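Content type TSV, C-alpha atoms, from the file target_11.tsv:
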chain	number	residue	atom	x	y	z
A	1	MET	CA	-13.26	15.88	-17.79
A	2	THR	CA	-11.04	18.94	-18.29
A	3	THR	CA	-8.43	18.52	-21.00
A	4	THR	CA	-4.90	18.84	-19.66
A	5	THR	CA	-1.38	17.99	-20.71
A	6	ARG	CA	-0.34	17.13	-17.16
A	7	PRO	CA	0.35	13.44	-16.50
A	8	LEU	CA	-2.21	11.49	-14.50
A	9	ALA	CA	-1.53	9.53	-11.32
A	10	VAL	CA	-4.02	7.17	-9.69
A	11	VAL	CA	-3.50	6.72	-5.95
A	12	THR	CA	-5.49	4.30	-3.81
A	13	GLY	CA	-5.79	4.42	-0.04
A	14	ALA	CA	-5.28	8.17	-0.38
A	15	SER	CA	-7.51	9.46	2.42
A	16	SER	CA	-4.68	9.47	5.00
A	17	GLY	CA	-1.30	8.02	5.91
A	18	ILE	CA	1.18	6.87	3.29
A	19	GLY	CA	-1.38	7.04	0.47
A	20	TYR	CA	-2.25	10.67	1.20
A	21	HIS	CA	1.41	11.61	1.21
A	22	LEU	CA	2.06	9.67	-1.99
A	23	ALA	CA	-0.71	11.73	-3.58
A	24	ARG	CA	0.97	14.91	-2.27
A	25	CYS	CA	4.25	13.83	-3.84
A	26	CYS	CA	2.45	13.35	-7.14
A	27	ALA	CA	0.77	16.76	-6.97
A	28	GLN	CA	4.03	18.47	-6.05
A	29	ASN	CA	5.68	16.87	-9.07
A	30	GLY	CA	3.18	17.95	-11.70
A	31	PHE	CA	0.64	15.12	-11.75
A	32	ASP	CA	-3.10	15.46	-11.84
A	33	LEU	CA	-4.84	12.92	-9.65
A	34	VAL	CA	-7.59	10.39	-9.33
A	35	ILE	CA	-7.62	9.41	-5.67
A	36	ALA	CA	-9.59	6.57	-4.15
A	37	ALA	CA	-10.31	5.15	-0.70
A	38	ASP	CA	-13.13	3.56	1.26
A	39	GLN	CA	-13.20	6.60	3.57
A	40	ALA	CA	-14.02	10.27	3.01
A	41	LEU	CA	-11.58	12.04	0.70
A	42	ASP	CA	-12.87	15.63	0.69
A	43	GLN	CA	-10.17	17.05	2.97
A	44	ALA	CA	-7.41	15.22	1.14
A	45	ALA	CA	-8.73	16.45	-2.22
A	46	ASN	CA	-8.88	20.05	-1.01
A	47	ASP	CA	-5.28	19.86	0.23
A	48	LEU	CA	-4.08	18.41	-3.07
A	49	ARG	CA	-5.89	21.03	-5.15
A	50	MET	CA	-4.04	23.70	-3.18
A	51	LEU	CA	-0.87	22.21	-4.67
A	52	GLY	CA	-2.12	22.90	-8.20
A	53	ALA	CA	-3.42	19.47	-9.14
A	54	THR	CA	-6.75	18.65	-10.72
A	55	VAL	CA	-8.20	16.04	-8.39
A	56	GLN	CA	-11.01	13.56	-8.99
A	57	VAL	CA	-12.35	11.65	-6.00
A	58	VAL	CA	-13.67	8.09	-5.89
A	59	GLN	CA	-14.95	6.80	-2.55
A	60	ALA	CA	-15.38	3.08	-3.00
A	61	ASP	CA	-14.60	-0.23	-1.33
A	62	LEU	CA	-11.57	-1.41	-3.30
A	63	ALA	CA	-11.94	-4.89	-1.81
A	64	SER	CA	-14.72	-5.47	-4.33
A	65	ARG	CA	-14.59	-5.72	-8.09
A	66	GLN	CA	-17.46	-3.25	-8.20
A	67	GLY	CA	-15.40	-0.72	-6.26
A	68	VAL	CA	-12.41	-1.15	-8.55
A	69	ASP	CA	-14.68	-0.87	-11.60
A	70	GLN	CA	-16.05	2.38	-10.16
A	71	LEU	CA	-12.50	3.73	-9.97
A	72	VAL	CA	-11.63	2.60	-13.50
A	73	ASP	CA	-14.84	4.13	-14.85
A	74	ALA	CA	-13.93	7.46	-13.24
A	75	ILE	CA	-10.62	7.48	-15.13
A	76	ALA	CA	-12.76	7.43	-18.29
A	77	GLY	CA	-10.06	6.06	-20.57
A	78	ARG	CA	-7.54	8.81	-19.84
A	79	PRO	CA	-3.96	7.48	-20.05
A	80	VAL	CA	-2.59	6.68	-16.60
A	81	ASP	CA	1.06	7.62	-16.25
A	82	ALA	CA	1.49	6.38	-12.67
A	83	LEU	CA	-0.51	3.90	-10.62
A	84	LEU	CA	0.23	3.94	-6.90
A	85	ALA	CA	-1.59	0.89	-5.52
A	86	ASN	CA	-1.51	1.62	-1.82
A	87	ALA	CA	-4.92	0.52	-0.51
A	88	GLY	CA	-4.69	-2.03	2.27
A	89	HIS	CA	-5.38	-2.64	5.93
A	90	GLY	CA	-4.46	-4.98	8.75
A	91	LEU	CA	-6.14	-7.16	11.34
A	92	GLY	CA	-4.87	-7.89	14.81
A	93	LYS	CA	-5.52	-10.70	17.33
A	94	GLY	CA	-5.16	-14.42	16.84
A	95	PHE	CA	-6.45	-15.99	13.64
A	96	LEU	CA	-9.13	-18.06	15.41
A	97	GLU	CA	-10.32	-15.01	17.37
A	98	GLN	CA	-10.96	-13.03	14.18
A	99	GLU	CA	-14.28	-12.93	12.36
A	100	PHE	CA	-13.92	-14.60	8.99
A	101	GLY	CA	-15.68	-11.71	7.26
A	102	ASP	CA	-12.95	-9.41	8.54
A	103	ILE	CA	-10.28	-11.86	7.37
A	104	GLN	CA	-11.85	-12.00	3.92
A	105	HIS	CA	-11.95	-8.21	3.69
A	106	VAL	CA	-8.22	-7.94	4.40
A	107	ILE	CA	-7.45	-10.50	1.70
A	108	ASP	CA	-9.84	-8.90	-0.77
A	109	THR	CA	-8.42	-5.42	-0.15
A	110	ASN	CA	-4.73	-6.23	0.05
A	111	ILE	CA	-4.60	-8.90	-2.65
A	112	THR	CA	-7.69	-9.40	-4.81
A	113	GLY	CA	-8.68	-5.77	-5.29
A	114	THR	CA	-5.07	-4.71	-5.79
A	115	LEU	CA	-4.47	-7.35	-8.46
A	116	TYR	CA	-7.74	-6.57	-10.22
A	117	LEU	CA	-6.82	-2.88	-10.41
A	118	LEU	CA	-3.32	-3.69	-11.67
A	119	HIS	CA	-4.81	-5.98	-14.30
A	120	LYS	CA	-7.30	-3.34	-15.46
A	121	LEU	CA	-4.80	-0.47	-15.68
A	122	GLY	CA	-1.69	-2.50	-16.56
A	123	HIS	CA	-3.03	-3.52	-19.98
A	124	PRO	CA	-3.28	0.04	-21.39
A	125	MET	CA	0.10	0.94	-19.88
A	126	ARG	CA	1.73	-1.98	-21.68
A	127	ARG	CA	-0.04	-1.13	-24.95
A	128	ARG	CA	1.30	2.43	-24.72
A	129	GLY	CA	4.75	1.16	-23.82
A	130	ARG	CA	5.16	3.41	-20.81
A	131	GLY	CA	3.98	3.86	-17.25
A	132	ARG	CA	5.04	3.58	-13.63
A	133	ILE	CA	3.53	1.30	-11.02
A	134	LEU	CA	4.20	1.57	-7.30
A	135	ILE	CA	2.80	-1.21	-5.10
A	136	THR	CA	2.84	-0.80	-1.33
A	137	GLY	CA	4.05	-4.05	0.16
A	138	SER	CA	5.64	-4.31	3.60
A	139	ILE	CA	8.62	-5.74	5.44
A	140	ALA	CA	5.87	-7.64	7.30
A	141	GLY	CA	5.89	-9.90	4.26
A	142	PHE	CA	9.26	-11.28	5.35
A	143	THR	CA	8.06	-12.42	8.77
A	144	PRO	CA	5.50	-15.00	9.97
A	145	GLY	CA	3.06	-12.61	11.65
A	146	SER	CA	1.88	-14.17	14.89
A	147	PHE	CA	-1.29	-12.30	15.93
A	148	GLN	CA	-1.22	-10.59	12.54
A	149	ALA	CA	-1.01	-13.71	10.40
A	150	VAL	CA	-3.45	-12.75	7.65
A	151	TYR	CA	-1.96	-9.30	7.11
A	152	ASN	CA	1.64	-10.52	6.99
A	153	GLY	CA	0.64	-13.36	4.70
A	154	SER	CA	-1.10	-10.93	2.36
A	155	LYS	CA	1.99	-8.73	2.23
A	156	ALA	CA	4.24	-11.73	1.55
A	157	PHE	CA	2.05	-12.35	-1.48
A	158	ILE	CA	2.23	-8.72	-2.60
A	159	ASP	CA	6.00	-8.43	-2.14
A	160	SER	CA	6.51	-11.57	-4.23
A	161	PHE	CA	3.93	-10.61	-6.83
A	162	ALA	CA	5.45	-7.17	-7.37
A	163	ALA	CA	8.88	-8.66	-8.08
A	164	ALA	CA	7.40	-11.16	-10.52
A	165	LEU	CA	5.32	-8.55	-12.34
A	166	ARG	CA	8.35	-6.30	-12.67
A	167	ASN	CA	10.25	-9.12	-14.35
A	168	GLU	CA	7.36	-9.87	-16.72
A	169	LEU	CA	7.23	-6.21	-17.77
A	170	LYS	CA	10.99	-5.57	-17.91
A	171	ASP	CA	11.05	-4.97	-21.68
A	172	SER	CA	7.69	-3.23	-21.93
A	173	GLY	CA	8.49	0.34	-20.88
A	174	VAL	CA	6.40	-0.13	-17.72
A	175	THR	CA	8.28	-0.16	-14.41
A	176	VAL	CA	7.08	-1.83	-11.20
A	177	THR	CA	8.40	-0.71	-7.82
A	178	CYS	CA	7.53	-2.24	-4.44
A	179	LEU	CA	7.57	0.07	-1.41
A	180	MET	CA	8.14	-1.95	1.75
A	181	PRO	CA	7.71	0.16	4.88
A	182	GLY	CA	7.87	-1.00	8.46
A	183	ALA	CA	5.65	0.25	11.28
A	184	THR	CA	4.45	3.72	10.28
A	185	ASP	CA	2.53	6.36	12.21
A	186	THR	CA	-0.85	6.04	10.48
A	187	GLU	CA	-4.40	4.92	11.29
A	188	PHE	CA	-3.33	1.34	10.50
A	189	PHE	CA	-3.02	0.18	14.11
A	190	ALA	CA	-6.30	1.72	15.25
A	191	ARG	CA	-8.15	0.21	12.32
A	192	ALA	CA	-6.52	-3.17	12.98
A	193	ASP	CA	-7.47	-3.01	16.70
A	194	MET	CA	-3.81	-3.16	17.70
A	195	LEU	CA	-3.40	-0.12	19.94
A	196	ASP	CA	-2.82	-2.36	22.99
A	197	THR	CA	0.13	-4.11	21.31
A	198	GLN	CA	3.80	-3.25	21.68
A	199	VAL	CA	4.10	-2.29	18.01
A	200	GLY	CA	0.86	-0.31	18.08
A	201	ALA	CA	1.92	1.69	21.15
A	202	ASP	CA	5.49	2.29	19.97
A	203	ASP	CA	6.33	6.00	19.66
A	204	GLY	CA	9.14	5.31	17.22
A	205	LYS	CA	7.06	4.64	14.13
A	206	ALA	CA	8.13	6.13	10.82
A	207	ASP	CA	6.70	9.39	9.51
A	208	PRO	CA	4.32	8.54	6.62
A	209	ALA	CA	5.48	11.60	4.70
A	210	ASP	CA	9.07	10.32	4.78
A	211	VAL	CA	7.96	6.83	3.71
A	212	ALA	CA	5.98	8.31	0.82
A	213	ARG	CA	8.87	10.46	-0.38
A	214	VAL	CA	11.18	7.44	-0.45
A	215	GLY	CA	8.60	5.37	-2.33
A	216	PHE	CA	7.77	8.10	-4.83
A	217	ALA	CA	11.44	8.72	-5.60
A	218	ALA	CA	12.04	4.99	-6.10
A	219	MET	CA	9.05	4.80	-8.47
A	220	MET	CA	10.26	7.77	-10.51
A	221	ASP	CA	13.75	6.25	-10.71
A	222	GLY	CA	12.32	2.90	-11.79
A	223	GLU	CA	13.82	1.00	-8.85
A	224	ALA	CA	12.71	-2.56	-8.15
A	225	ASP	CA	11.99	-2.16	-4.45
A	226	VAL	CA	12.75	0.07	-1.50
A	227	VAL	CA	12.69	-0.50	2.25
A	228	HIS	CA	12.30	2.68	4.29
A	229	GLY	CA	14.66	3.24	7.21
A	230	LEU	CA	17.88	1.62	8.39
A	231	LYS	CA	16.18	-0.35	11.17
A	232	ASN	CA	13.72	-1.83	8.70
A	233	LYS	CA	16.50	-2.65	6.23
A	234	LEU	CA	18.35	-4.57	8.93
A	235	GLN	CA	15.14	-6.34	9.92
A	236	ALA	CA	14.53	-7.37	6.32
A	237	ILE	CA	18.07	-8.77	6.04
A	238	MET	CA	17.75	-10.72	9.28
A	239	ALA	CA	14.39	-12.14	8.22
A	240	LYS	CA	16.07	-13.85	5.28
A	241	VAL	CA	18.48	-15.83	7.45
A	242	MET	CA	16.66	-16.48	10.75
A	243	PRO	CA	14.48	-19.59	11.30
A	244	SER	CA	10.79	-18.97	10.75
A	245	GLN	CA	9.76	-19.95	14.27
A	246	VAL	CA	12.28	-17.53	15.78
A	247	LEU	CA	10.79	-14.78	13.62
A	248	ALA	CA	7.27	-15.81	14.61
A	249	GLU	CA	8.14	-15.64	18.31
A	250	GLN	CA	9.69	-12.20	17.89
A	251	HIS	CA	6.58	-11.01	16.09
A	252	ARG	CA	4.39	-12.44	18.85
A	253	LYS	CA	6.14	-10.19	21.39
A	254	MET	CA	5.28	-7.14	19.28
A	255	ALA	CA	1.75	-7.99	18.15
A	256	GLU	CA	0.16	-10.11	20.88
A	257	PRO	CA	-2.89	-8.35	22.38
A	258	GLY	CA	-1.93	-6.64	25.63
A	259	SER	CA	1.80	-6.75	24.90
A	260	ALA	CA	2.01	-2.97	25.30
A	261	LEU	CA	1.32	-3.49	29.02
A	262	LYS	CA	4.05	-6.09	29.51
A	263	ASP	CA	7.56	-5.33	30.72
For this file, produce the structure as structure tokens.
Amino acid sequence: MTTTTRPLAVVTGASSGIGYHLARCCAQNGFDLVIAADQALDQAANDLRMLGATVQVVQADLASRQGVDQLVDAIAGRPVDALLANAGHGLGKGFLEQEFGDIQHVIDTNITGTLYLLHKLGHPMRRRGRGRILITGSIAGFTPGSFQAVYNGSKAFIDSFAAALRNELKDSGVTVTCLMPGATDTEFFARADMLDTQVGADDGKADPADVARVGFAAMMDGEADVVHGLKNKLQAIMAKVMPSQVLAEQHRKMAEPGSALKD
């Protein structure tokens, strides 16, 4: 690997959406990059190199320990200055209508693979006494996710885990920031088979570039967590005081299959 004095950022889920724009923020702010996703990364890598970054690509399934090991091996022991753990995906329809293999893949991507990567790269950060970690959670973690129950449950775990890890590392020189976006205009809803839902069809989704800029700035400032957008901030506040079944019914109206066609 080429020797460089530029700091290194590792960004997962970087092929498109929020992850791609997080990688752009890193490149624009002087980081070299190792980017990873389970989809093709060639176009993303070319775009990032145009911004002056050295970019290494790892296409791997980060739901598996083998995929995470492939990413860690590609880093080849180089100190990681920033880890942006963004890989994740959703799954629509009712829990009992979903294939369990698909359910397991969401859990393994959003939780197991994310934690394994954090464990692998967090140790050397703590030994060095410096580093920044950004974990992409979601305001979905505040709400019982009818017709998106596994995804919302996984994000509830991640939101909670990020806060706990930050506290554990508070005197270590390593900061942990949780980015909690709301509905964002990415491939998420197509991949989750939710294009016929009210939330999937909504034209008012957030711009992933704006979400990424907010998250990157919060990471660089060492903030604990950040919710993008006023509407999402209000939703997060309300979720803390409203009864769970009221929240579940509200989510049902947004995420139930065919809800985009209802008045």
**OP:** List the neighbours of range 179-188 of chain A out to 7 Å using all atoms listed in the file; skip same-chain residues closer than 4 positions along the sequence, and give me the result as a list of chain:residue names.
**Re:**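 Listed by chain and then number, they are A:Gly17, A:His89, A:Gly90, A:Leu134, A:Ile135, A:Thr136, A:Gly137, A:Ser138, A:Ile139, A:Ala192, A:Lys205, A:Ala206, A:Asp207, A:Pro208, A:Val211, A:Gly215, A:Asp225, A:Val226, A:Val227, A:His228, A:Asn232.
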**OP:** Take CA of Asn152 in chain A and CA of Ala140 in chain A and report the distance between them in Å, one decimal.
**Re:** 5.1 Å
Give me, as a compact mmCIF listing (two decimals) with C-alpha atoms, in the coordinates of the input, all polymer residues having an atom no more than 9 Å from range 71-82 of chain A, counting only C-alpha atoms and skipping those fewer than 4 positions away in the same chain.
# COMPACT_ATOMS: atom_id res chain seq x y z
CA MET A 1 -13.26 15.88 -17.79
CA PRO A 7 0.35 13.44 -16.50
CA LEU A 8 -2.21 11.49 -14.50
CA ALA A 9 -1.53 9.53 -11.32
CA VAL A 10 -4.02 7.17 -9.69
CA VAL A 11 -3.50 6.72 -5.95
CA CYS A 26 2.45 13.35 -7.14
CA PHE A 31 0.64 15.12 -11.75
CA VAL A 34 -7.59 10.39 -9.33
CA ILE A 35 -7.62 9.41 -5.67
CA ALA A 36 -9.59 6.57 -4.15
CA GLN A 56 -11.01 13.56 -8.99
CA VAL A 57 -12.35 11.65 -6.00
CA VAL A 58 -13.67 8.09 -5.89
CA GLN A 59 -14.95 6.80 -2.55
CA ALA A 60 -15.38 3.08 -3.00
CA LEU A 62 -11.57 -1.41 -3.30
CA GLN A 66 -17.46 -3.25 -8.20
CA GLY A 67 -15.40 -0.72 -6.26
CA LEU A 117 -6.82 -2.88 -10.41
CA LYS A 120 -7.30 -3.34 -15.46
CA LEU A 121 -4.80 -0.47 -15.68
CA PRO A 124 -3.28 0.04 -21.39
CA MET A 125 0.10 0.94 -19.88
CA ARG A 128 1.30 2.43 -24.72
CA ARG A 130 5.16 3.41 -20.81
CA GLY A 131 3.98 3.86 -17.25
CA ARG A 132 5.04 3.58 -13.63
CA ILE A 133 3.53 1.30 -11.02
CA LEU A 134 4.20 1.57 -7.30
CA MET A 219 9.05 4.80 -8.47
Original post:
Hey, which of A:Asp38, A:Asp202, A:Asp159, A:Asp61 ends up closest to Ala224 in chain A? Count all atoms listed in the file.
Top reply: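 Checking each of A:Asp38, A:Asp202, A:Asp159, A:Asp61 against Ala224 in chain A, counting all atoms listed in the file, the winner is A:Asp159.
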Original post:
What is the CA of Gly222 in chain A-CA of Ala63 in chain A distance in Å, reported with one decimal?
Top reply: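 Between these atoms lies a distance of 27.4 Å.
Around Arg166 in chain A, within 10 Å and counting only C-alpha atoms, the residues found are Ile133, Ser172, Val174, Thr175, Val176, Thr177, Cys178, Glu223, Ala224 and Asp225 of chain A, once anything fewer than 6 positions away on its own chain is removed.
Distance-wise, CA of Glu97 in chain A and CA of Leu115 in chain A end up 27.6 Å apart.
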**OP:** Rank A:Ile103, A:Ala40, A:Ala85, A:Val246 by their smallest atom-to-atom distance to Thr12 in chain A, using all atoms listed in the file, and report the top residue only.
**Re:** A:Ala85
Write out, as CSV, each residue of range 70-161 of chain A that has an atom at most 12 Å from range 247-252 of chain A, together with the closest pair of atoms and their distance in Å to one decimal, counting all atoms listed in the file, rows going by chain and rising number.
residue,atom,partner,partner_atom,distance
A:Gly92,CA,A:Arg252,CA,11.1
A:Lys93,CA,A:Arg252,CA,10.2
A:Gly94,CA,A:Arg252,CA,10.0
A:Ala140,CA,A:His251,CA,9.4
A:Gly141,CA,A:Leu247,CA,11.6
A:Phe142,CA,A:Leu247,CA,9.1
A:Thr143,CA,A:Leu247,CA,6.0
A:Pro144,CA,A:Ala248,CA,5.0
A:Gly145,CA,A:His251,CA,5.9
A:Ser146,CA,A:Arg252,CA,5.0
A:Phe147,CA,A:Arg252,CA,6.4
A:Gln148,CA,A:His251,CA,8.6
A:Ala149,CA,A:Ala248,CA,9.5
A:Asn152,CA,A:His251,CA,10.4
Original post:
So, counting all atoms listed in the file, which residue among A:Asp69, A:Gln198, A:Lys240, A:Gly101 is closest to Lys253 in chain A?
Top reply: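 Closest residue, counting all atoms listed in the file: A:Gln198.
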**OP:** Name the closest residue to Tyr151 in chain A among the candidates A:Thr109, A:Asp171, A:Ala164, A:Leu118; distances are taken between atoms, counting all atoms listed in the file.
**Re:**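 Answer, going by the shortest atom-to-atom distance: A:Thr109.
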**OP:** Name the closest residue to Thr112 in chain A among the candidates A:Arg49, A:Arg213, A:Arg24, A:Arg65; distances are taken between atoms, counting only C-alpha atoms.
**Re:**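 That would be A:Arg65, the residue with the smallest distance to Thr112 in chain A.
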Subject >> Selected residue of minimal separation from Met194 in chain A among A:Gly153, A:Gly19, A:Pro257, A:Pro243, counting all atoms listed in the file >> reply: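 When distances to Met194 in chain A are compared using all atoms listed in the file, the smallest one comes from A:Pro257.
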**OP:** Tell me which protein, DNA and RNA residues are within 10 Å of Arg6 in chain A, counting all atoms listed in the file, leaving out same-chain ones fewer than 4 positions away, and put them as a list in words.
**Re:**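 Once the nearby chain positions are removed, what remains is Gly30, Phe31, Asp32, Leu33, Ala53, Thr54 and Asp81 of chain A.
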Taking only C-alpha atoms, show range 99-157 of chain A of the given structure as a compact mmCIF listing (two decimals), in the first residue's frame.
# COMPACT_ATOMS: atom_id res chain seq x y z
CA GLU A 99 -38.51 -15.31 4.80
CA PHE A 100 -36.42 -16.08 7.85
CA GLY A 101 -33.22 -16.04 5.80
CA ASP A 102 -33.97 -12.44 4.88
CA ILE A 103 -34.69 -11.61 8.53
CA GLN A 104 -31.39 -13.16 9.58
CA HIS A 105 -29.49 -11.16 6.96
CA VAL A 106 -30.90 -7.87 8.25
CA ILE A 107 -29.89 -8.77 11.81
CA ASP A 108 -26.46 -9.99 10.73
CA THR A 109 -25.81 -6.86 8.65
CA ASN A 110 -27.24 -4.22 10.95
CA ILE A 111 -26.11 -5.70 14.26
CA THR A 112 -23.73 -8.65 14.18
CA GLY A 113 -21.46 -7.51 11.35
CA THR A 114 -21.44 -3.94 12.63
CA LEU A 115 -20.44 -5.01 16.15
CA TYR A 116 -17.79 -7.39 14.85
CA LEU A 117 -16.21 -4.60 12.79
CA LEU A 118 -16.34 -2.18 15.73
CA HIS A 119 -14.71 -4.81 17.94
CA LYS A 120 -11.94 -5.48 15.42
CA LEU A 121 -11.09 -1.83 14.73
CA GLY A 122 -11.98 -0.40 18.14
CA HIS A 123 -9.16 -2.22 19.92
CA PRO A 124 -6.31 -0.55 17.98
CA MET A 125 -8.04 2.84 18.25
CA ARG A 126 -8.17 2.51 22.04
CA ARG A 127 -4.54 1.35 22.20
CA ARG A 128 -3.49 4.43 20.22
CA GLY A 129 -5.67 6.65 22.38
CA ARG A 130 -7.38 8.37 19.48
CA GLY A 131 -9.97 7.80 16.79
CA ARG A 132 -13.47 8.70 15.69
CA ILE A 133 -16.37 6.30 15.25
CA LEU A 134 -19.63 7.17 13.53
CA ILE A 135 -22.41 4.59 13.70
CA THR A 136 -25.49 5.01 11.54
CA GLY A 137 -28.51 4.30 13.69
CA SER A 138 -31.98 5.65 12.94
CA ILE A 139 -34.93 7.43 14.50
CA ALA A 140 -36.70 4.17 13.56
CA GLY A 141 -35.08 2.81 16.70
CA PHE A 142 -37.45 4.92 18.80
CA THR A 143 -40.62 3.44 17.29
CA PRO A 144 -42.17 -0.06 17.26
CA GLY A 145 -41.97 -0.71 13.52
CA SER A 146 -45.17 -2.40 12.41
CA PHE A 147 -44.47 -3.96 8.99
CA GLN A 148 -40.80 -3.13 9.52
CA ALA A 149 -40.39 -4.76 12.90
CA VAL A 150 -36.99 -6.39 12.40
CA TYR A 151 -35.37 -3.28 10.96
CA ASN A 152 -36.68 -0.95 13.67
CA GLY A 153 -35.71 -3.45 16.33
CA SER A 154 -32.19 -3.67 14.93
CA LYS A 155 -31.86 0.11 14.96
CA ALA A 156 -33.14 0.30 18.54
CA PHE A 157 -30.27 -2.00 19.42
